[in-house]
Amino acid sequence: MTSRRNGLAEAAGAVVYRTTKKGIEVLLVHRPRYDDWSLPKGHLDTGESFEDAAAREVEEETGYRGRLGREIGAVGYRTKSKQKVVRYWLLEAETGKFVPNKEADAARWLAPRKASRIVSYTRDRNVIIRGSQLISNGKRSVVYLIRHANAGQRELSNGLDHERALSTKGRRQAATITTRLLRQPITGVYASEYARCAQTVRPLAEKLGMDVTYEPSLLEGAGTKKLLDFLGGLRSQSAVLGTHRDVISRVLRRLADEGVDFEHQLVWKKASVWELDLRKGKVTGGRYHPPPSSDDR
């Protein structure tokens, strides 16, 4: 029986991998029911944990067994009848052999780059890419630093700026951000406790079955060192952070002054996303993703 909590259909799976003389290979399965190439995964049974479901589904679909490694993250998508969330782990194959079954009639061991080209879904491609990063460096992190979406004018907040909610436009922007990030494996969602920041990332958290964790270093006016320390603690994570203009501007300028090479000029429009790469707790680079609408300021 499929497990459903908070209206979500819950599933779990893994990037199954092995080390050969040629390097790392990951396992893809072909599902005759959908005629697709994908990662092994399946629904949780009632009362089953995500971890137990991931290991069970791998063995049932591929015949391989092994211990779960680091969590890669959760992705979400909409089927014809429900919103679905799938959490993935790394699993190094230790024993077993593939035998065609009702779920998977073929399997292929491939280098991660080739597997990411062959797999049928963008979300699986992103999981493979992120999984291969963790295989090569288990402390490598990805952070999506988001400036809150449109929330009207500060001058009209009647002194209650922390309660200023997203506008209609801001809610549309938050929905678009959610759609984009659902394709990426995510391990946690954090935000400033200001309403506009939490409301920007909460739709994503809800679709992934997660809570929004309020983080003091994301508050307006928070010191740069506090945020850098927080980022340094997110080792092996793929985290989403909702915050303010001043926080983003200060930390990016500090990093640029320290020699970090960003792939875009330093801008931070409302509803924009900076995707930061971290190794051993240090930011090594980043990419800018502009807001859904080009007229944001």
# chains A, B, ... in the order shown; residues from 1 in each chain; ligands from 1

call {"tool": "residues_around", "arguments": {"residues": "Ile129 of chain A", "least_positions_apart": "4", "cutoff": "10 Å", "atoms": "only C-alpha atoms", "output": "list in words"}}
result
Val15, Ile72, Pro112, Arg113, Ala115, Ser116, Arg123, Asp124, Arg125, Gln133, Leu134, Gln184 and Pro185 of chain A

call {"tool": "write_last_selection", "arguments": {"atoms": "N, CA and C atoms", "output": "compact mmCIF listing (two decimals), in the first residue's frame"}}
result
# COMPACT_ATOMS: atom_id res chain seq x y z
N VAL A 15 20.77 6.09 -5.88
CA VAL A 15 21.77 6.01 -6.94
C VAL A 15 22.67 4.84 -6.55
N ILE A 72 21.01 11.98 -0.81
CA ILE A 72 21.20 12.92 -1.93
C ILE A 72 20.19 14.04 -1.85
N PRO A 112 28.61 7.99 -14.76
CA PRO A 112 27.58 8.97 -14.40
C PRO A 112 27.24 9.94 -15.53
N ARG A 113 28.23 10.42 -16.27
CA ARG A 113 27.95 11.38 -17.34
C ARG A 113 27.07 10.76 -18.42
N ALA A 115 25.11 8.10 -18.02
CA ALA A 115 23.81 7.78 -17.41
C ALA A 115 22.92 9.02 -17.37
N SER A 116 23.51 10.18 -17.08
CA SER A 116 22.71 11.41 -17.01
C SER A 116 22.18 11.82 -18.37
N ARG A 123 14.70 15.33 -13.53
CA ARG A 123 14.90 15.19 -12.08
C ARG A 123 15.87 14.05 -11.78
N ASP A 124 15.78 12.93 -12.50
CA ASP A 124 16.72 11.83 -12.29
C ASP A 124 18.13 12.23 -12.72
N ARG A 125 18.22 13.00 -13.79
CA ARG A 125 19.52 13.49 -14.24
C ARG A 125 20.18 14.33 -13.14
N GLN A 133 28.66 13.81 -7.40
CA GLN A 133 29.45 14.78 -6.65
C GLN A 133 29.73 14.28 -5.25
N LEU A 134 28.74 13.68 -4.61
CA LEU A 134 28.91 13.18 -3.25
C LEU A 134 29.82 11.95 -3.22
N GLN A 184 15.42 19.60 -8.50
CA GLN A 184 16.73 19.44 -7.89
C GLN A 184 16.60 18.66 -6.57
N PRO A 185 17.52 17.76 -6.26
CA PRO A 185 17.44 17.08 -4.97
C PRO A 185 17.74 18.04 -3.83

call {"tool": "select_by_dssp", "arguments": {"residues": "segment 100-210 of chain A", "states": "strand (DSSP E or B)", "output": "PyMOL selection string"}}
result
chain A and resi 106-110+141-147+186+188-191

call {"tool": "residues_around", "arguments": {"residues": "Pro216 of chain A", "least_positions_apart": "3", "cutoff": "8 Å", "atoms": "only C-alpha atoms", "output": "list in words"}}
result
Ser192, Glu193, Leu219 and Ala222 of chain A

call {"tool": "select_by_dssp", "arguments": {"residues": "segment 16-201 of chain A", "states": "alpha helix (DSSP H)", "output": "VMD selection string"}}
result
chain A and resid 50 to 62 112 to 118 122 to 136 168 to 181 195 to 201

call {"tool": "residues_around", "arguments": {"residues": "Arg18 of chain A", "least_positions_apart": "6", "cutoff": "6 Å", "atoms": "only C-alpha atoms", "output": "PyMOL selection string"}}
result
chain A and resi 24-25+92-93

call {"tool": "residues_around", "arguments": {"residues": "segment 238-243 of chain A", "least_positions_apart": "6", "cutoff": "9 Å", "atoms": "only C-alpha atoms", "output": "VMD selection string"}}
result
chain A and resid 72 to 73 130 141 to 148 181 184 to 194 196 to 201 215 218 to 220

call {"tool": "write_last_selection", "arguments": {"atoms": "N, CA, C and O atoms", "output": "tab-separated table (two decimals), in the first residue's frame"}}
result
chain	number	residue	atom	x	y	z
A	72	ILE	N	21.01	11.98	-0.81
A	72	ILE	CA	21.20	12.92	-1.93
A	72	ILE	C	20.19	14.04	-1.85
A	72	ILE	O	20.51	15.21	-2.11
A	73	GLY	N	18.96	13.72	-1.51
A	73	GLY	CA	17.93	14.74	-1.39
A	73	GLY	C	16.60	14.27	-1.96
A	73	GLY	O	16.47	13.15	-2.47
A	130	ARG	N	24.17	15.10	-8.78
A	130	ARG	CA	24.44	15.40	-7.38
A	130	ARG	C	25.02	14.18	-6.67
A	130	ARG	O	25.96	14.30	-5.86
A	141	SER	N	28.78	20.56	-0.93
A	141	SER	CA	27.42	21.05	-0.68
A	141	SER	C	26.96	21.95	-1.82
A	141	SER	O	27.76	22.52	-2.55
A	142	VAL	N	25.64	22.07	-1.93
A	142	VAL	CA	25.02	23.02	-2.84
A	142	VAL	C	24.00	23.81	-2.04
A	142	VAL	O	23.20	23.23	-1.29
A	143	VAL	N	24.02	25.14	-2.19
A	143	VAL	CA	23.08	26.00	-1.47
A	143	VAL	C	22.38	26.90	-2.47
A	143	VAL	O	23.02	27.52	-3.33
A	144	TYR	N	21.06	26.95	-2.37
A	144	TYR	CA	20.25	27.84	-3.21
A	144	TYR	C	19.84	29.02	-2.34
A	144	TYR	O	18.95	28.91	-1.50
A	145	LEU	N	20.51	30.14	-2.54
A	145	LEU	CA	20.31	31.33	-1.73
A	145	LEU	C	19.29	32.23	-2.45
A	145	LEU	O	19.59	32.78	-3.51
A	146	ILE	N	18.10	32.36	-1.88
A	146	ILE	CA	16.98	33.01	-2.55
A	146	ILE	C	16.64	34.34	-1.88
A	146	ILE	O	16.44	34.39	-0.65
A	147	ARG	N	16.58	35.41	-2.67
A	147	ARG	CA	16.01	36.64	-2.15
A	147	ARG	C	14.49	36.52	-2.23
A	147	ARG	O	13.95	36.07	-3.26
A	148	HIS	N	13.81	36.92	-1.18
A	148	HIS	CA	12.35	36.76	-1.13
A	148	HIS	C	11.67	37.38	-2.35
A	148	HIS	O	12.17	38.32	-2.97
A	181	LEU	N	12.88	24.35	-8.54
A	181	LEU	CA	13.71	23.65	-7.56
A	181	LEU	C	13.20	22.26	-7.23
A	181	LEU	O	13.96	21.44	-6.70
A	184	GLN	N	15.42	19.60	-8.50
A	184	GLN	CA	16.73	19.44	-7.89
A	184	GLN	C	16.60	18.66	-6.57
A	184	GLN	O	15.65	18.88	-5.82
A	185	PRO	N	17.52	17.76	-6.26
A	185	PRO	CA	17.44	17.08	-4.97
A	185	PRO	C	17.74	18.04	-3.83
A	185	PRO	O	18.76	18.73	-3.83
A	186	ILE	N	16.84	18.10	-2.85
A	186	ILE	CA	16.93	19.05	-1.74
A	186	ILE	C	16.91	18.27	-0.42
A	186	ILE	O	16.11	17.36	-0.24
A	187	THR	N	17.79	18.67	0.51
A	187	THR	CA	17.83	18.02	1.81
A	187	THR	C	17.22	18.85	2.93
A	187	THR	O	16.90	18.31	4.00
A	188	GLY	N	17.08	20.17	2.74
A	188	GLY	CA	16.52	21.00	3.80
A	188	GLY	C	16.14	22.37	3.29
A	188	GLY	O	16.69	22.85	2.30
A	189	VAL	N	15.16	23.00	3.97
A	189	VAL	CA	14.67	24.33	3.60
A	189	VAL	C	14.75	25.22	4.83
A	189	VAL	O	14.18	24.91	5.88
A	190	TYR	N	15.45	26.36	4.69
A	190	TYR	CA	15.66	27.30	5.79
A	190	TYR	C	15.21	28.69	5.36
A	190	TYR	O	15.19	29.00	4.17
A	191	ALA	N	14.88	29.53	6.34
A	191	ALA	CA	14.43	30.88	6.00
A	191	ALA	C	14.59	31.82	7.18
A	191	ALA	O	14.60	31.41	8.35
A	192	SER	N	14.68	33.11	6.84
A	192	SER	CA	14.46	34.16	7.82
A	192	SER	C	13.02	34.04	8.30
A	192	SER	O	12.13	33.64	7.54
A	193	GLU	N	12.79	34.41	9.55
A	193	GLU	CA	11.42	34.28	10.07
A	193	GLU	C	10.50	35.40	9.58
A	193	GLU	O	9.32	35.39	9.89
A	194	TYR	N	11.02	36.37	8.84
A	194	TYR	CA	10.15	37.38	8.23
A	194	TYR	C	9.18	36.69	7.28
A	194	TYR	O	9.56	35.79	6.53
A	196	ARG	N	7.73	37.32	4.45
A	196	ARG	CA	7.96	37.28	3.01
A	196	ARG	C	9.03	36.25	2.62
A	196	ARG	O	8.96	35.65	1.54
A	197	CYS	N	10.01	36.04	3.49
A	197	CYS	CA	11.04	35.04	3.19
A	197	CYS	C	10.49	33.62	3.36
A	197	CYS	O	10.70	32.76	2.51
A	198	ALA	N	9.79	33.40	4.49
A	198	ALA	CA	9.22	32.08	4.73
A	198	ALA	C	8.20	31.71	3.66
A	198	ALA	O	8.16	30.57	3.18
A	199	GLN	N	7.38	32.68	3.24
A	199	GLN	CA	6.36	32.40	2.24
A	199	GLN	C	6.96	32.11	0.87
A	199	GLN	O	6.34	31.43	0.05
A	200	THR	N	8.16	32.60	0.61
A	200	THR	CA	8.81	32.34	-0.67
A	200	THR	C	9.24	30.88	-0.79
A	200	THR	O	9.15	30.28	-1.87
A	201	VAL	N	9.69	30.29	0.31
A	201	VAL	CA	10.22	28.92	0.24
A	201	VAL	C	9.26	27.86	0.78
A	201	VAL	O	9.46	26.67	0.55
A	215	GLU	N	16.19	30.29	10.55
A	215	GLU	CA	17.61	30.38	10.81
A	215	GLU	C	18.00	31.83	11.08
A	215	GLU	O	17.82	32.70	10.22
A	218	LEU	N	19.90	34.24	8.66
A	218	LEU	CA	19.23	34.70	7.45
A	218	LEU	C	18.36	35.92	7.69
A	218	LEU	O	17.77	36.47	6.76
A	219	LEU	N	18.30	36.39	8.93
A	219	LEU	CA	17.50	37.55	9.26
A	219	LEU	C	18.09	38.82	8.66
A	219	LEU	O	19.31	38.95	8.51
A	220	GLU	N	17.23	39.77	8.35
A	220	GLU	CA	17.68	41.07	7.86
A	220	GLU	C	18.62	41.68	8.89
A	220	GLU	O	18.32	41.70	10.09

call {"tool": "residues_around", "arguments": {"residues": "Arg108 of chain A", "least_positions_apart": "4", "cutoff": "10 Å", "atoms": "only C-alpha atoms", "output": "number ranges by chain"}}
result
A: 25-30, 37, 98, 115

call {"tool": "residues_around", "arguments": {"residues": "Ala14 of chain A", "least_positions_apart": "5", "cutoff": "8 Å", "atoms": "only C-alpha atoms", "output": "VMD selection string"}}
result
chain A and resid 39 to 41 54 to 55 58 88 to 91

call {"tool": "write_last_selection", "arguments": {"atoms": "N, CA, C and O atoms", "output": "short mmCIF file (atom, residue, chain, number, x, y, z; two decimals), in the first residue's frame"}}
result
data_model
loop_
_atom_site.label_atom_id
_atom_site.label_comp_id
_atom_site.auth_asym_id
_atom_site.auth_seq_id
_atom_site.Cartn_x
_atom_site.Cartn_y
_atom_site.Cartn_z
N LEU A 39 16.10 5.74 -12.27
CA LEU A 39 16.75 5.21 -11.08
C LEU A 39 15.79 4.28 -10.34
O LEU A 39 14.57 4.51 -10.36
N PRO A 40 16.31 3.25 -9.69
CA PRO A 40 15.41 2.37 -8.92
C PRO A 40 14.76 3.12 -7.77
O PRO A 40 15.44 3.82 -7.01
N LYS A 41 13.46 2.96 -7.65
CA LYS A 41 12.71 3.65 -6.59
C LYS A 41 11.35 2.99 -6.47
O LYS A 41 10.93 2.21 -7.34
N ALA A 54 13.95 2.61 0.47
CA ALA A 54 14.98 2.75 -0.55
C ALA A 54 15.77 1.46 -0.72
O ALA A 54 15.97 0.98 -1.85
N ALA A 55 16.22 0.87 0.39
CA ALA A 55 16.99 -0.38 0.30
C ALA A 55 16.15 -1.52 -0.25
O ALA A 55 16.62 -2.32 -1.08
N VAL A 58 15.52 -1.05 -4.09
CA VAL A 58 16.72 -1.36 -4.87
C VAL A 58 16.87 -2.86 -5.04
O VAL A 58 17.11 -3.36 -6.15
N TYR A 88 16.18 10.26 -2.20
CA TYR A 88 17.22 9.38 -2.74
C TYR A 88 18.44 9.35 -1.83
O TYR A 88 18.81 10.35 -1.21
N TRP A 89 19.08 8.19 -1.82
CA TRP A 89 20.34 7.98 -1.12
C TRP A 89 21.37 7.40 -2.08
O TRP A 89 21.02 6.89 -3.15
N LEU A 90 22.63 7.46 -1.69
CA LEU A 90 23.66 6.68 -2.35
C LEU A 90 23.61 5.26 -1.80
O LEU A 90 23.36 5.05 -0.60
N LEU A 91 23.86 4.28 -2.67
CA LEU A 91 23.96 2.90 -2.23
C LEU A 91 25.04 2.22 -3.06
O LEU A 91 24.90 2.09 -4.27
#

call {"tool": "closest_residue", "arguments": {"among": "A:Arg245, A:Arg78, A:Glu61, A:Tyr34", "to": "Glu10 of chain A", "atoms": "only C-alpha atoms"}}
result
A:Arg78

call {"tool": "closest_residue", "arguments": {"among": "A:Phe262, A:Gln237, A:Ala195, A:Phe230", "to": "Asp161 of chain A", "atoms": "only C-alpha atoms"}}
result
A:Ala195

call {"tool": "atom_distance", "arguments": {"atom1": "atom CA of Gln83 of chain A", "atom2": "atom CA of Leu8 of chain A"}}
result
5.4 Å
